[in-house]
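Next comes target22.pdb, with PDB, C-alpha atoms.
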ATOM      1  CA  MET S   1       3.998  -3.158  22.391
ATOM      2  CA  ARG S   2       2.701  -6.646  21.821
ATOM      3  CA  LEU S   3       6.046  -8.443  22.182
ATOM      4  CA  ALA S   4       7.215  -7.985  25.755
ATOM      5  CA  THR S   5      10.897  -8.449  24.979
ATOM      6  CA  VAL S   6      10.800  -5.650  22.400
ATOM      7  CA  ALA S   7       9.380  -3.261  24.994
ATOM      8  CA  GLN S   8      12.259  -3.903  27.403
ATOM      9  CA  PRO S   9      15.421  -1.778  27.346
ATOM     10  CA  HIS S  10      18.441  -3.936  26.504
ATOM     11  CA  SER S  11      21.249  -1.603  27.505
ATOM     12  CA  LEU S  12      21.866   1.235  29.915
ATOM     13  CA  GLY S  13      21.603   3.726  27.046
ATOM     14  CA  GLN S  14      18.218   2.351  26.037
ATOM     15  CA  ARG S  15      17.048   2.371  29.648
ATOM     16  CA  ILE S  16      17.827   6.076  29.860
ATOM     17  CA  GLN S  17      16.377   6.763  26.407
ATOM     18  CA  PHE S  18      13.123   4.957  27.189
ATOM     19  CA  ARG S  19      12.833   6.715  30.566
ATOM     20  CA  VAL S  20      13.230  10.142  28.943
ATOM     21  CA  ILE S  21      10.807   9.387  26.104
ATOM     22  CA  GLY S  22       8.331   7.862  28.544
ATOM     23  CA  TRP S  23       8.594  10.934  30.750
ATOM     24  CA  LEU S  24       8.035  13.261  27.781
ATOM     25  CA  LEU S  25       5.281  11.341  25.982
ATOM     26  CA  GLY S  26       3.816   9.149  28.689
ATOM     27  CA  HIS S  27       4.850   6.040  26.754
ATOM     28  CA  VAL S  28       7.521   4.871  24.320
ATOM     29  CA  PRO S  29       5.994   4.693  20.811
ATOM     30  CA  GLY S  30       6.002   1.297  19.086
ATOM     31  CA  PRO S  31       8.185   2.389  16.139
ATOM     32  CA  ILE S  32      10.928   3.513  18.538
ATOM     33  CA  LEU S  33      10.747   0.216  20.425
ATOM     34  CA  THR S  34      10.885  -1.718  17.157
ATOM     35  CA  MET S  35      13.877   0.232  15.881
ATOM     36  CA  SER S  36      15.656  -0.131  19.222
ATOM     37  CA  TYR S  37      15.441  -3.914  19.380
ATOM     38  CA  HIS S  38      18.271  -5.829  17.662
ATOM     39  CA  ARG S  39      19.390  -2.565  16.097
ATOM     40  CA  GLU S  40      22.026  -4.136  13.887
ATOM     41  CA  LEU S  41      19.429  -6.331  12.229
ATOM     42  CA  PHE S  42      16.977  -3.579  11.342
ATOM     43  CA  GLY S  43      16.572  -0.401  13.376
ATOM     44  CA  LYS S  44      20.001   1.136  12.912
ATOM     45  CA  HIS S  45      19.717   1.004   9.131
ATOM     46  CA  PHE S  46      16.016   1.730   8.900
ATOM     47  CA  ALA S  47      16.374   4.788  11.146
ATOM     48  CA  GLN S  48      18.856   6.303   8.665
ATOM     49  CA  CYS S  49      16.513   5.498   5.806
ATOM     50  CA  LEU S  50      13.592   7.029   7.658
ATOM     51  CA  GLN S  51      15.548  10.160   8.541
ATOM     52  CA  GLU S  52      16.495  10.682   4.909
ATOM     53  CA  ALA S  53      12.949  10.100   3.694
ATOM     54  CA  MET S  54      11.258  12.280   6.297
ATOM     55  CA  ARG S  55      13.826  15.021   6.885
ATOM     56  CA  GLY S  56      16.247  14.827   3.939
ATOM     57  CA  GLN S  57      16.282  16.988   0.845
ATOM     58  CA  SER S  58      13.062  16.634  -1.116
ATOM     59  CA  SER S  59      10.635  18.545  -3.286
ATOM     60  CA  ALA S  60       8.015  17.795  -0.591
ATOM     61  CA  SER S  61       8.161  19.775   2.629
ATOM     62  CA  VAL S  62       8.583  18.069   6.009
ATOM     63  CA  GLY S  63       4.957  18.847   6.791
ATOM     64  CA  GLU S  64       3.784  17.346   3.514
ATOM     65  CA  ARG S  65       5.782  14.192   4.151
ATOM     66  CA  GLU S  66       4.288  13.871   7.624
ATOM     67  CA  LEU S  67       0.867  14.299   6.052
ATOM     68  CA  PHE S  68       1.583  11.598   3.457
ATOM     69  CA  SER S  69       2.680   9.258   6.254
ATOM     70  CA  ALA S  70      -0.363   9.977   8.377
ATOM     71  CA  PHE S  71      -2.639   9.426   5.377
ATOM     72  CA  VAL S  72      -1.043   6.092   4.474
ATOM     73  CA  SER S  73      -1.201   5.003   8.113
ATOM     74  CA  LYS S  74      -4.864   5.895   8.151
ATOM     75  CA  LEU S  75      -5.454   3.735   5.053
ATOM     76  CA  ASN S  76      -3.547   0.919   6.746
ATOM     77  CA  GLN S  77      -5.672   1.398   9.871
ATOM     78  CA  CYS S  78      -2.487   2.011  11.816
ATOM     79  CA  PRO S  79      -2.176   4.726  14.501
ATOM     80  CA  TYR S  80       0.305   7.463  13.530
TER      81      TYR S  80
ATOM     82  CA  MET F   1      10.843 -29.366   1.042
ATOM     83  CA  ASP F   2      13.117 -29.259   4.069
ATOM     84  CA  ARG F   3      12.218 -26.614   6.548
ATOM     85  CA  PRO F   4      15.173 -24.355   7.384
ATOM     86  CA  ALA F   5      15.902 -24.502  11.085
ATOM     87  CA  THR F   6      15.972 -21.475  13.287
ATOM     88  CA  ARG F   7      19.616 -21.144  14.193
ATOM     89  CA  PRO F   8      22.303 -18.575  14.876
ATOM     90  CA  GLN F   9      23.973 -17.194  11.784
ATOM     91  CA  PRO F  10      27.542 -16.105  11.024
ATOM     92  CA  SER F  11      28.645 -12.522  11.475
ATOM     93  CA  SER F  12      26.749  -9.755   9.724
ATOM     94  CA  GLY F  13      29.689  -8.776   7.498
ATOM     95  CA  TRP F  14      29.884 -12.159   5.877
ATOM     96  CA  CYS F  15      26.134 -12.384   5.590
ATOM     97  CA  ALA F  16      25.850  -8.945   4.025
ATOM     98  CA  GLU F  17      28.183 -10.065   1.241
ATOM     99  CA  ARG F  18      26.170 -13.222   0.845
ATOM    100  CA  ALA F  19      22.896 -11.301   0.689
ATOM    101  CA  ARG F  20      24.331  -9.001  -1.927
ATOM    102  CA  ALA F  21      25.250 -12.020  -4.036
ATOM    103  CA  ILE F  22      21.838 -13.637  -3.687
ATOM    104  CA  HIS F  23      19.484 -10.731  -4.175
ATOM    105  CA  PRO F  24      20.354  -8.594  -7.193
ATOM    106  CA  ALA F  25      16.784  -8.775  -8.525
ATOM    107  CA  MET F  26      15.306  -8.063  -5.090
ATOM    108  CA  GLU F  27      17.398  -4.914  -4.792
ATOM    109  CA  ASP F  28      16.950  -3.805  -8.365
ATOM    110  CA  GLY F  29      15.895  -0.172  -8.659
ATOM    111  CA  LEU F  30      15.860   0.482  -4.921
ATOM    112  CA  PRO F  31      17.541   3.511  -3.341
ATOM    113  CA  GLU F  32      20.925   2.705  -1.784
ATOM    114  CA  ARG F  33      19.763   3.299   1.805
ATOM    115  CA  VAL F  34      16.860   0.894   1.307
ATOM    116  CA  LYS F  35      19.246  -1.718  -0.076
ATOM    117  CA  THR F  36      21.238  -1.395   3.144
ATOM    118  CA  VAL F  37      18.124  -2.147   5.191
ATOM    119  CA  VAL F  38      17.354  -5.220   3.073
ATOM    120  CA  ARG F  39      20.929  -6.496   3.301
ATOM    121  CA  ALA F  40      21.051  -6.041   7.066
ATOM    122  CA  LEU F  41      17.824  -7.920   7.657
ATOM    123  CA  LEU F  42      18.578 -10.748   5.255
ATOM    124  CA  GLY F  43      22.241 -11.101   6.053
ATOM    125  CA  GLY F  44      22.384 -10.173   9.731
ATOM    126  CA  GLU F  45      22.626 -12.484  12.678
ATOM    127  CA  GLY F  46      19.267 -13.526  14.055
ATOM    128  CA  LYS F  47      17.315 -16.316  15.640
ATOM    129  CA  THR F  48      15.706 -17.365  12.364
ATOM    130  CA  ALA F  49      17.579 -18.849   9.431
ATOM    131  CA  ASN F  50      18.618 -16.306   6.805
ATOM    132  CA  GLU F  51      16.770 -18.432   4.245
ATOM    133  CA  TRP F  52      13.521 -17.923   6.141
ATOM    134  CA  ARG F  53      13.882 -14.154   6.173
ATOM    135  CA  GLU F  54      14.861 -14.124   2.520
ATOM    136  CA  GLN F  55      11.897 -16.230   1.452
ATOM    137  CA  ILE F  56       9.423 -14.377   3.657
ATOM    138  CA  LEU F  57      10.571 -11.015   2.300
ATOM    139  CA  SER F  58      10.429 -12.269  -1.250
ATOM    140  CA  SER F  59       6.990 -13.730  -0.686
ATOM    141  CA  ALA F  60       5.688 -10.484   0.832
ATOM    142  CA  THR F  61       6.984  -8.490  -2.144
ATOM    143  CA  GLY F  62       4.854 -10.729  -4.356
ATOM    144  CA  GLY F  63       7.863 -12.665  -5.603
ATOM    145  CA  THR F  64       8.321 -16.319  -4.741
ATOM    146  CA  SER F  65       5.727 -18.502  -3.111
ATOM    147  CA  MET F  66       5.510 -18.833   0.654
ATOM    148  CA  PRO F  67       8.431 -20.700   2.192
ATOM    149  CA  ALA F  68       8.014 -23.940   4.075
ATOM    150  CA  LEU F  69       6.994 -22.179   7.256
ATOM    151  CA  PRO F  70       4.816 -23.734   9.926
ATOM    152  CA  PRO F  71       1.233 -22.881   8.902
ATOM    153  CA  GLU F  72       0.628 -20.570  11.846
ATOM    154  CA  LEU F  73       3.709 -18.490  10.949
ATOM    155  CA  ALA F  74       2.729 -18.492   7.281
ATOM    156  CA  ALA F  75      -0.680 -17.119   8.279
ATOM    157  CA  HIS F  76       1.049 -14.439  10.368
ATOM    158  CA  VAL F  77       3.222 -13.437   7.388
ATOM    159  CA  GLU F  78       0.115 -13.184   5.250
ATOM    160  CA  ARG F  79      -1.602 -10.968   7.819
ATOM    161  CA  VAL F  80       1.428  -8.705   8.242
ATOM    162  CA  ALA F  81       1.770  -8.242   4.482
ATOM    163  CA  HIS F  82      -1.883  -7.755   3.600
ATOM    164  CA  SER F  83      -3.979  -6.894   6.652
ATOM    165  CA  ALA F  84      -1.706  -5.945   9.530
ATOM    166  CA  TYR F  85      -4.593  -4.231  11.303
ATOM    167  CA  LYS F  86      -6.046  -7.682  11.975
ATOM    168  CA  ILE F  87      -3.105  -8.668  14.176
ATOM    169  CA  THR F  88      -4.100  -8.729  17.819
ATOM    170  CA  ASP F  89      -2.462  -9.413  21.148
ATOM    171  CA  GLU F  90      -4.344 -12.690  21.098
ATOM    172  CA  SER F  91      -2.964 -13.788  17.721
ATOM    173  CA  LEU F  92       0.597 -13.180  18.940
ATOM    174  CA  LYS F  93      -0.075 -15.022  22.185
ATOM    175  CA  GLN F  94      -1.264 -17.969  20.113
ATOM    176  CA  LEU F  95       2.007 -17.984  18.162
ATOM    177  CA  GLU F  96       3.936 -18.016  21.420
ATOM    178  CA  ALA F  97       1.728 -20.806  22.763
ATOM    179  CA  GLN F  98       2.583 -22.773  19.623
ATOM    180  CA  GLY F  99       6.251 -22.639  20.571
ATOM    181  CA  HIS F 100       7.561 -19.608  18.645
ATOM    182  CA  ASP F 101       9.596 -17.334  20.841
ATOM    183  CA  GLU F 102       9.363 -13.574  20.631
ATOM    184  CA  ASP F 103      12.611 -13.172  18.692
ATOM    185  CA  VAL F 104      11.352 -15.500  15.967
ATOM    186  CA  ILE F 105       8.024 -13.643  15.787
ATOM    187  CA  PHE F 106       9.880 -10.321  15.692
ATOM    188  CA  GLU F 107      12.159 -11.353  12.824
ATOM    189  CA  VAL F 108       9.403 -12.994  10.809
ATOM    190  CA  THR F 109       7.259  -9.886  11.265
ATOM    191  CA  LEU F 110      10.104  -7.592  10.183
ATOM    192  CA  ALA F 111      10.802  -9.621   7.044
ATOM    193  CA  ALA F 112       7.119  -9.679   6.071
ATOM    194  CA  ALA F 113       6.626  -5.977   6.810
ATOM    195  CA  LEU F 114       9.752  -4.968   4.919
ATOM    196  CA  GLY F 115       8.723  -7.096   1.956
ATOM    197  CA  ALA F 116       5.250  -5.550   1.913
ATOM    198  CA  GLY F 117       6.811  -2.095   2.206
ATOM    199  CA  LEU F 118       9.187  -2.760  -0.689
ATOM    200  CA  LYS F 119       6.285  -3.830  -2.859
ATOM    201  CA  ARG F 120       4.549  -0.513  -2.192
ATOM    202  CA  LEU F 121       7.789   1.445  -2.607
ATOM    203  CA  ARG F 122       8.400  -0.126  -6.012
ATOM    204  CA  LYS F 123       4.890   0.773  -7.128
ATOM    205  CA  GLY F 124       5.369   4.332  -5.914
ATOM    206  CA  LEU F 125       8.724   4.719  -7.637
ATOM    207  CA  ALA F 126       7.285   3.275 -10.848
ATOM    208  CA  ALA F 127       4.410   5.761 -10.688
ATOM    209  CA  LEU F 128       6.849   8.640 -10.204
ATOM    210  CA  ARG F 129       8.973   7.478 -13.128
ATOM    211  CA  ALA F 130       5.879   7.106 -15.294
ATOM    212  CA  SER F 131       4.753  10.558 -14.270
ATOM    213  CA  ALA F 132       8.170  12.018 -15.109
ATOM    214  CA  THR F 133       8.284  10.385 -18.534
ATOM    215  CA  GLY F 134       4.592  10.747 -19.297
ATOM    216  CA  VAL F 135       4.245   6.982 -19.730
ATOM    217  CA  THR F 136       1.580   5.148 -17.749
ATOM    218  CA  ALA F 137       2.318   1.658 -16.436
TER     219      ALA F 137
END
Structure re-expressed in structure tokens:
Amino acid sequence: MRLATVAQPHSLGQRIQFRVIGWLLGHVPGPILTMSYHRELFGKHFAQCLQEAMRGQSSASVGERELFSAFVSKLNQCPY
Amino acid sequence: MDRPATRPQPSSGWCAERARAIHPAMEDGLPERVKTVVRALLGGEGKTANEWREQILSSATGGTSMPALPPELAAHVERVAHSAYKITDESLKQLEAQGHDEDVIFEVTLAAALGAGLKRLRKGLAALRASATGVTA
């Protein structure tokens, strides 16, 4: 994460969450850090939006949606 | 044009109402959950002025012209919206060296990224509608 303050946990809950994710994945992915920082301003609402788009009812399967996302990220030259 | 200062804003509830009043065109045709994201970012309490976030988002959606941002922040908004892959650790360090703290950079980046995302979302929704009705845009 390029902004140091965003990479820091800002509550006990986040400290635990980051520890667990870091233990599982070896690092905390940028999107999770971004959605965890100032949650009221962005992450809390965007996470619900993301959940609905990626896991909600749709004519596209979950796998297809993940594929769409990976493809768009590739076009944007962004790791997915 | 006066440059809006970076300052604390009133509570998010009040600001959400205000954002709803200001941005009917910006929200037009968007899914309800997406509108909630826009309202939270534009109306919520942050380090940057709400007017900055509003103008940056609008600019990144291809709406209004760039707000009266310091040139280095305006360049950052442009990069986020159009070529985010060009952003480097070095470019962010330069912004910090120019006196912009990380919260300001974070909020400016969010507004630009959300605006750029909304622009793409609108195009996608329009394509789906055109496909459903058999009319090409």
Identify all chain F residues at most 6 Å from chain S by counting all atoms listed in the file; ligands do not count. Present them as a PDB file with C-alpha atoms, keeping the file's coordinate frame.
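Output contents, as saved in part.pdb:
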ATOM      1  CA  ARG F  33      19.763   3.299   1.805  1.00  0.00           C
ATOM      2  CA  VAL F  37      18.124  -2.147   5.191  1.00  0.00           C
ATOM      3  CA  ALA F  40      21.051  -6.041   7.066  1.00  0.00           C
ATOM      4  CA  LEU F  41      17.824  -7.920   7.657  1.00  0.00           C
ATOM      5  CA  GLY F  44      22.384 -10.173   9.731  1.00  0.00           C
ATOM      6  CA  TYR F  85      -4.593  -4.231  11.303  1.00  0.00           C
ATOM      7  CA  ASP F  89      -2.462  -9.413  21.148  1.00  0.00           C
TER       8      ASP F  89
END
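Using the PyMOL selection byres ((chain F and resi 121) around 12) on the file at hand returns these residues: Ala53 of chain S; Glu27, Gly29, Leu30, Pro31, Val34, Thr61, Leu114, Gly115, Ala116, Gly117, Leu118, Lys119, Arg120, Arg122, Lys123, Gly124, Leu125, Ala126, Ala127 and Leu128 of chain F.
Here atom CA of Ala7 of chain S is placed at a distance of 5.9 Å from atom CA of Leu33 of chain S.
Proximity to Met35 of chain S was assessed for S:Arg19, S:Met54, S:Phe71, S:Gln14 counting only C-alpha atoms; the smallest distance is recorded for S:Gln14.
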Legend entry - Point-to-point distance in Å for atom CA of Ala113 of chain F and atom CA of Val77 of chain F: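 Going from atom CA of Val77 of chain F over to atom CA of Ala113 of chain F, I get 8.2 Å.
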Legend entry - Interatomic distance, atom CA of Leu92 of chain F to atom CA of Gly30 of chain S (Å, one decimal):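 Answer for the atom CA of Leu92 of chain F to atom CA of Gly30 of chain S separation: 15.5 Å.
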Inset, instruction - Measuring atom to atom with only C-alpha atoms, identify which of F:Ala68, F:Ile56, F:Val38, F:Leu73 is nearest to Asp101 of chain F. - result: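 Answer, going by the shortest atom-to-atom distance: F:Leu73.
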Inset, instruction - For the file shown, report as a list in words the outcome of the PyMOL selection byres ((chain F and resi 100) around 12) at residue level. - result: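 Evaluating the PyMOL selection byres ((chain F and resi 100) around 12) on this file yields Leu3 of chain S; Thr6, Lys47, Thr48, Leu69, Pro70, Glu72, Leu73, His76, Leu92, Lys93, Gln94, Leu95, Glu96, Ala97, Gln98, Gly99, Asp101, Glu102, Asp103, Val104, Ile105, Phe106, Glu107 and Val108 of chain F.
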Can segment 57-78 of chain S be brought up to N, CA and C atoms and written out as a PDB file, in the frame of the given file?
ATOM      1  N   GLN S  57      16.628  16.059   1.929  1.00  0.00           N
ATOM      2  CA  GLN S  57      16.282  16.988   0.845  1.00  0.00           C
ATOM      3  C   GLN S  57      15.184  16.372  -0.034  1.00  0.00           C
ATOM      4  N   SER S  58      14.193  17.155  -0.336  1.00  0.00           N
ATOM      5  CA  SER S  58      13.062  16.634  -1.116  1.00  0.00           C
ATOM      6  C   SER S  58      12.262  17.794  -1.689  1.00  0.00           C
ATOM      7  N   SER S  59      11.525  17.513  -2.756  1.00  0.00           N
ATOM      8  CA  SER S  59      10.635  18.545  -3.286  1.00  0.00           C
ATOM      9  C   SER S  59       9.399  18.703  -2.394  1.00  0.00           C
ATOM     10  N   ALA S  60       9.132  17.709  -1.537  1.00  0.00           N
ATOM     11  CA  ALA S  60       8.015  17.795  -0.591  1.00  0.00           C
ATOM     12  C   ALA S  60       8.523  18.350   0.741  1.00  0.00           C
ATOM     13  N   SER S  61       7.748  19.205   1.344  1.00  0.00           N
ATOM     14  CA  SER S  61       8.161  19.775   2.629  1.00  0.00           C
ATOM     15  C   SER S  61       8.053  18.713   3.728  1.00  0.00           C
ATOM     16  N   VAL S  62       8.675  18.993   4.876  1.00  0.00           N
ATOM     17  CA  VAL S  62       8.583  18.069   6.009  1.00  0.00           C
ATOM     18  C   VAL S  62       7.122  17.859   6.403  1.00  0.00           C
ATOM     19  N   GLY S  63       6.370  18.942   6.423  1.00  0.00           N
ATOM     20  CA  GLY S  63       4.957  18.847   6.791  1.00  0.00           C
ATOM     21  C   GLY S  63       4.178  17.982   5.808  1.00  0.00           C
ATOM     22  N   GLU S  64       4.475  18.158   4.523  1.00  0.00           N
ATOM     23  CA  GLU S  64       3.784  17.346   3.514  1.00  0.00           C
ATOM     24  C   GLU S  64       4.115  15.865   3.695  1.00  0.00           C
ATOM     25  N   ARG S  65       5.383  15.588   3.977  1.00  0.00           N
ATOM     26  CA  ARG S  65       5.782  14.192   4.151  1.00  0.00           C
ATOM     27  C   ARG S  65       5.105  13.579   5.378  1.00  0.00           C
ATOM     28  N   GLU S  66       4.999  14.360   6.434  1.00  0.00           N
ATOM     29  CA  GLU S  66       4.288  13.871   7.624  1.00  0.00           C
ATOM     30  C   GLU S  66       2.819  13.602   7.281  1.00  0.00           C
ATOM     31  N   LEU S  67       2.267  14.478   6.462  1.00  0.00           N
ATOM     32  CA  LEU S  67       0.867  14.299   6.052  1.00  0.00           C
ATOM     33  C   LEU S  67       0.707  13.029   5.210  1.00  0.00           C
ATOM     34  N   PHE S  68       1.635  12.832   4.268  1.00  0.00           N
ATOM     35  CA  PHE S  68       1.583  11.598   3.457  1.00  0.00           C
ATOM     36  C   PHE S  68       1.597  10.375   4.377  1.00  0.00           C
ATOM     37  N   SER S  69       2.512  10.407   5.346  1.00  0.00           N
ATOM     38  CA  SER S  69       2.680   9.258   6.254  1.00  0.00           C
ATOM     39  C   SER S  69       1.415   9.021   7.072  1.00  0.00           C
ATOM     40  N   ALA S  70       0.854  10.109   7.575  1.00  0.00           N
ATOM     41  CA  ALA S  70      -0.363   9.977   8.377  1.00  0.00           C
ATOM     42  C   ALA S  70      -1.502   9.425   7.523  1.00  0.00           C
ATOM     43  N   PHE S  71      -1.577   9.880   6.273  1.00  0.00           N
ATOM     44  CA  PHE S  71      -2.639   9.426   5.377  1.00  0.00           C
ATOM     45  C   PHE S  71      -2.500   7.933   5.074  1.00  0.00           C
ATOM     46  N   VAL S  72      -1.272   7.512   4.771  1.00  0.00           N
ATOM     47  CA  VAL S  72      -1.043   6.092   4.474  1.00  0.00           C
ATOM     48  C   VAL S  72      -1.334   5.242   5.711  1.00  0.00           C
ATOM     49  N   SER S  73      -0.924   5.740   6.879  1.00  0.00           N
ATOM     50  CA  SER S  73      -1.201   5.003   8.113  1.00  0.00           C
ATOM     51  C   SER S  73      -2.700   4.869   8.340  1.00  0.00           C
ATOM     52  N   LYS S  74      -3.403   5.932   8.017  1.00  0.00           N
ATOM     53  CA  LYS S  74      -4.864   5.895   8.151  1.00  0.00           C
ATOM     54  C   LYS S  74      -5.453   4.817   7.233  1.00  0.00           C
ATOM     55  N   LEU S  75      -4.969   4.763   5.985  1.00  0.00           N
ATOM     56  CA  LEU S  75      -5.454   3.735   5.053  1.00  0.00           C
ATOM     57  C   LEU S  75      -5.112   2.336   5.557  1.00  0.00           C
ATOM     58  N   ASN S  76      -3.965   2.223   6.199  1.00  0.00           N
ATOM     59  CA  ASN S  76      -3.547   0.919   6.746  1.00  0.00           C
ATOM     60  C   ASN S  76      -4.192   0.624   8.097  1.00  0.00           C
ATOM     61  N   GLN S  77      -5.036   1.519   8.564  1.00  0.00           N
ATOM     62  CA  GLN S  77      -5.672   1.398   9.871  1.00  0.00           C
ATOM     63  C   GLN S  77      -4.631   1.248  10.979  1.00  0.00           C
ATOM     64  N   CYS S  78      -3.593   2.058  10.867  1.00  0.00           N
ATOM     65  CA  CYS S  78      -2.487   2.011  11.816  1.00  0.00           C
ATOM     66  C   CYS S  78      -2.368   3.374  12.497  1.00  0.00           C
TER      67      CYS S  78
END
